[in-house]
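S.K.: What follows is entry02.txt, compact mmCIF, C-alpha atoms.
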# COMPACT_ATOMS: atom_id res chain seq x y z
CA MET S 214 205.32 164.01 246.50
CA THR S 215 205.80 163.79 250.23
CA THR S 216 203.37 165.79 252.32
CA PRO S 217 203.42 166.31 256.08
CA ARG S 218 200.63 163.72 256.36
CA THR S 219 202.54 161.04 254.47
CA VAL S 220 205.83 161.40 256.34
CA PRO S 221 204.74 159.54 259.54
CA ILE S 222 202.96 156.89 257.48
CA ALA S 223 206.01 156.37 255.28
CA HIS S 224 208.26 156.26 258.35
CA SER S 225 206.04 153.61 259.97
CA GLN S 226 205.99 151.60 256.75
CA ARG S 227 209.77 151.75 256.55
CA LEU S 228 210.10 150.59 260.16
CA MET S 229 207.68 147.73 259.49
CA SER S 230 209.73 146.69 256.45
CA HIS S 231 212.78 146.60 258.71
CA ALA S 232 210.83 144.56 261.27
CA GLU S 233 209.83 142.01 258.63
CA ARG S 234 213.41 141.78 257.38
CA GLU S 235 214.79 141.32 260.90
CA LEU S 236 212.16 138.67 261.59
CA ALA S 237 213.16 136.81 258.41
CA ASN S 238 216.79 136.99 259.57
CA GLY S 239 215.80 135.56 262.97
CA ASP S 240 216.67 138.72 264.92
CA ARG S 241 213.81 138.77 267.41
CA LEU S 242 215.09 141.80 269.31
CA GLN S 243 215.35 144.09 266.30
CA ALA S 244 212.10 142.82 264.76
CA SER S 245 210.27 143.55 268.02
CA GLU S 246 211.74 147.00 268.46
CA LYS S 247 211.19 148.10 264.85
CA ALA S 248 207.51 147.09 264.95
CA TRP S 249 207.03 148.86 268.29
CA ALA S 250 208.76 151.97 266.96
CA ALA S 251 206.42 152.03 263.94
CA VAL S 252 203.44 152.23 266.28
CA ALA S 253 205.03 154.70 268.69
CA HIS S 254 205.94 157.10 265.85
CA ARG S 255 202.45 156.90 264.37
CA LEU S 256 200.76 157.52 267.71
CA LYS S 257 203.07 160.47 268.37
CA SER S 258 202.11 161.97 265.00
CA ILE S 259 198.41 161.53 265.71
CA ALA S 260 198.78 163.04 269.18
CA GLU S 261 200.69 166.04 267.84
CA ARG S 262 198.02 166.70 265.20
CA ARG S 263 195.40 166.78 267.95
CA GLY S 264 197.47 168.91 270.32
CA TRP S 265 197.75 166.06 272.83
CA GLN S 266 200.81 165.81 275.00
CA TYR S 267 203.20 162.97 274.17
CA THR S 268 206.49 163.54 275.91
CA THR S 269 206.84 160.31 277.89
CA HIS S 270 206.39 156.66 277.01
CA SER S 271 203.66 156.22 279.61
CA GLN S 272 201.44 158.77 277.82
CA VAL S 273 201.04 156.43 274.86
CA TYR S 274 198.48 154.41 276.83
CA GLY S 275 196.32 157.48 277.40
CA ILE S 276 196.54 158.31 273.70
CA VAL S 277 195.40 154.80 272.78
CA ASP S 278 192.54 155.12 275.26
CA ARG S 279 191.44 158.46 273.76
CA LEU S 280 191.62 157.11 270.20
CA THR S 281 189.69 153.99 271.22
CA ARG S 282 186.91 156.19 272.62
CA GLU S 283 187.05 158.45 269.56
CA LEU S 284 186.58 155.49 267.22
CA GLY S 285 184.22 153.61 269.49
CA ASP S 286 186.14 150.47 268.53
CA SER S 287 187.92 148.42 271.19
CA ARG S 288 189.93 146.59 268.49
CA LEU S 289 192.34 149.52 268.55
CA ARG S 290 193.16 148.83 272.20
CA ASP S 291 193.32 145.08 271.55
CA LEU S 292 195.72 145.50 268.63
CA PHE S 293 197.83 147.94 270.61
CA ALA S 294 198.33 145.21 273.21
CA TYR S 295 200.32 143.29 270.57
CA ALA S 296 202.54 146.31 269.95
CA SER S 297 203.08 146.73 273.67
CA SER S 298 203.99 143.05 273.89
CA LEU S 299 206.58 143.57 271.16
CA HIS S 300 208.10 146.41 273.14
CA ARG S 301 208.46 144.10 276.15
CA SER S 302 209.85 141.38 273.89
CA TYR S 303 212.78 143.63 273.06
CA TYR S 304 213.90 143.39 276.68
CA ILE S 305 213.04 139.74 277.30
CA ASP S 306 213.95 138.05 273.99
CA ALA S 307 211.90 134.94 274.73
CA VAL S 308 209.10 135.09 272.17
CA PRO S 309 209.34 132.33 269.53
CA LEU S 310 209.70 133.56 265.94
CA ASP S 311 206.28 132.27 264.83
CA ALA S 312 204.55 134.06 267.72
CA LEU S 313 206.56 137.17 266.99
CA GLY S 314 205.45 137.03 263.36
CA TYR S 315 201.83 136.83 264.47
CA GLU S 316 202.26 139.88 266.71
CA ILE S 317 203.91 141.82 263.89
CA ASP S 318 200.94 140.97 261.65
CA LYS S 319 198.64 142.40 264.34
CA VAL S 320 200.74 145.56 264.45
CA GLU S 321 200.20 145.90 260.67
CA GLU S 322 196.44 145.77 261.33
CA LEU S 323 196.81 148.44 264.00
CA LEU S 324 198.74 150.73 261.66
CA GLU S 325 196.06 150.32 258.99
CA MET S 326 193.48 151.28 261.57
CA LEU S 327 195.51 154.36 262.53
CA ASP S 328 196.08 155.54 258.93
CA PRO S 329 192.88 157.60 258.64
CA LEU S 330 193.48 159.15 262.06
CA ASP S 331 196.88 160.50 261.08
CA ARG S 332 195.60 163.48 259.16
CA PRO S 333 195.23 167.17 259.90
CA PHE S 334 191.86 168.34 261.14
CA THR S 335 190.00 170.97 259.18
CA SER S 336 188.14 171.88 262.37
CA ALA S 337 188.61 171.14 266.06
CA PRO S 338 189.48 167.52 266.82
CA PRO S 339 186.64 165.39 268.15
CA ASP S 340 186.04 165.50 271.88
CA PRO S 341 186.73 161.92 273.05
CA ARG S 342 184.26 162.42 275.94
CA GLN S 343 181.42 162.72 273.44
CA PRO S 344 179.93 159.64 271.80
CA PRO S 345 180.95 159.24 268.16
CA THR S 346 178.44 160.30 265.53
CA LEU S 347 177.38 157.89 262.84
CA GLY S 348 176.74 158.71 259.21
CA GLY S 349 176.97 162.21 257.82
CA ALA S 350 175.47 163.96 260.85
Represent the supplied structure as structure tokens.
M.R.:
Amino acid sequence: MTTPRTVPIAHSQRLMSHAERELANGDRLQASEKAWAAVAHRLKSIAERRGWQYTTHSQVYGIVDRLTRELGDSRLRDLFAYASSLHRSYYIDAVPLDALGYEIDKVEELLEMLDPLDRPFTSAPPDPRQPPTLGGA
């Protein structure tokens, strides 16, 4: 059964499958763009669930910054840099296939990290200005 929570995840997974297929076919442009789109759609879903504005491409960086602070884990920002690189690769078409494959693998890691964040809140979303709490407190 598809629920509102699973739709963005399934969409991202479908886009990543397309990216892997395009990579296997040697189409660097389409592989890059599909992987980037998987991340962009997931971040848009997370932002919408939190009531954050996401109407322009430039806002994605602020969303990544807020989520990085929310998690207290800079890996999110580091992994997002690979996705951003893939977006640029779509316009440049100069990244070798093996490097592109590595970046797509990093995007998979990012999406796994975003999975638990793409869920409805039962209360107000966390305030990213506050330090994260550890444990059950």
S.K.: Which distance in Å separates CA of Leu324 in chain S and CA of Gln266 in chain S, to one decimal?
M.R.: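 Pair CA of Leu324 in chain S / CA of Gln266 in chain S returns 20.2 Å.
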S.K.: Just the residues within 12 Å of Val308 in chain S, please, counting only C-alpha atoms, with nothing from its chain fewer than 3 positions along; format it as a PyMOL selection string.
M.R.: chain S and resi 236+239-242+244-245+298-305+311-317
S.K.: Given 8 Å of margin on each side, can you work out the centre and size in Å (one decimal) of an axis-aligned box holding every listed atom of range 305-311 of chain S, as AutoDock Vina command-line options?
M.R.:
--center_x 210.1 --center_y 136.0 --center_z 271.1 --size_x 23.7 --size_y 23.5 --size_z 28.5
S.K.: So the first atom is CA of Ser297 in chain S and the second is CA of Ser225 in chain S; what is the distance between them in Å, to one decimal place?
M.R.: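 Between CA of Ser297 in chain S and CA of Ser225 in chain S the gap works out to 15.6 Å.
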S.K.: What does the structure give for the distance between CA of Ala237 in chain S and CA of Leu310 in chain S, in Å to one decimal?
M.R.: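 Computing the Euclidean distance for CA of Ala237 in chain S and CA of Leu310 in chain S yields 8.9 Å.
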S.K.: Considering only C-alpha atoms, state which residue in the set S:Val277, S:Leu228, S:Ala307, S:Ile222 is at the smallest distance from Pro329 in chain S.
M.R.: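 Answer, going by the shortest atom-to-atom distance: S:Ile222.
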S.K.: Tell me which protein, DNA and RNA residues are within 10 Å of Met229 in chain S, counting all atoms listed in the file, leaving out same-chain ones fewer than 3 positions away, and put them as a PyMOL selection string.
M.R.: chain S and resi 223-226+232-235+244-252+317-318+320-321+324
S.K.: When you count all atoms listed in the file, which of these residues is closest to Lys257 in chain S: S:Ala296, S:Asp331, S:Leu284, S:Pro309?
M.R.: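 Among the listed residues, S:Asp331 lies closest to Lys257 in chain S.
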S.K.: So which residues touch Ile276 in chain S within 8 Å, counting all atoms listed in the file, skipping near sequence neighbours fewer than 2 positions away, as number ranges by chain?
M.R.: S: 256, 260, 265, 272-274, 278-280
S.K.: Can you tell me which residues surround Leu292 in chain S at a distance of at most 8 Å, considering all atoms listed in the file, apart from same-chain residues fewer than 2 positions away, and format the answer as a PyMOL selection string?
M.R.: chain S and resi 288-290+294-296+319-320+322-323
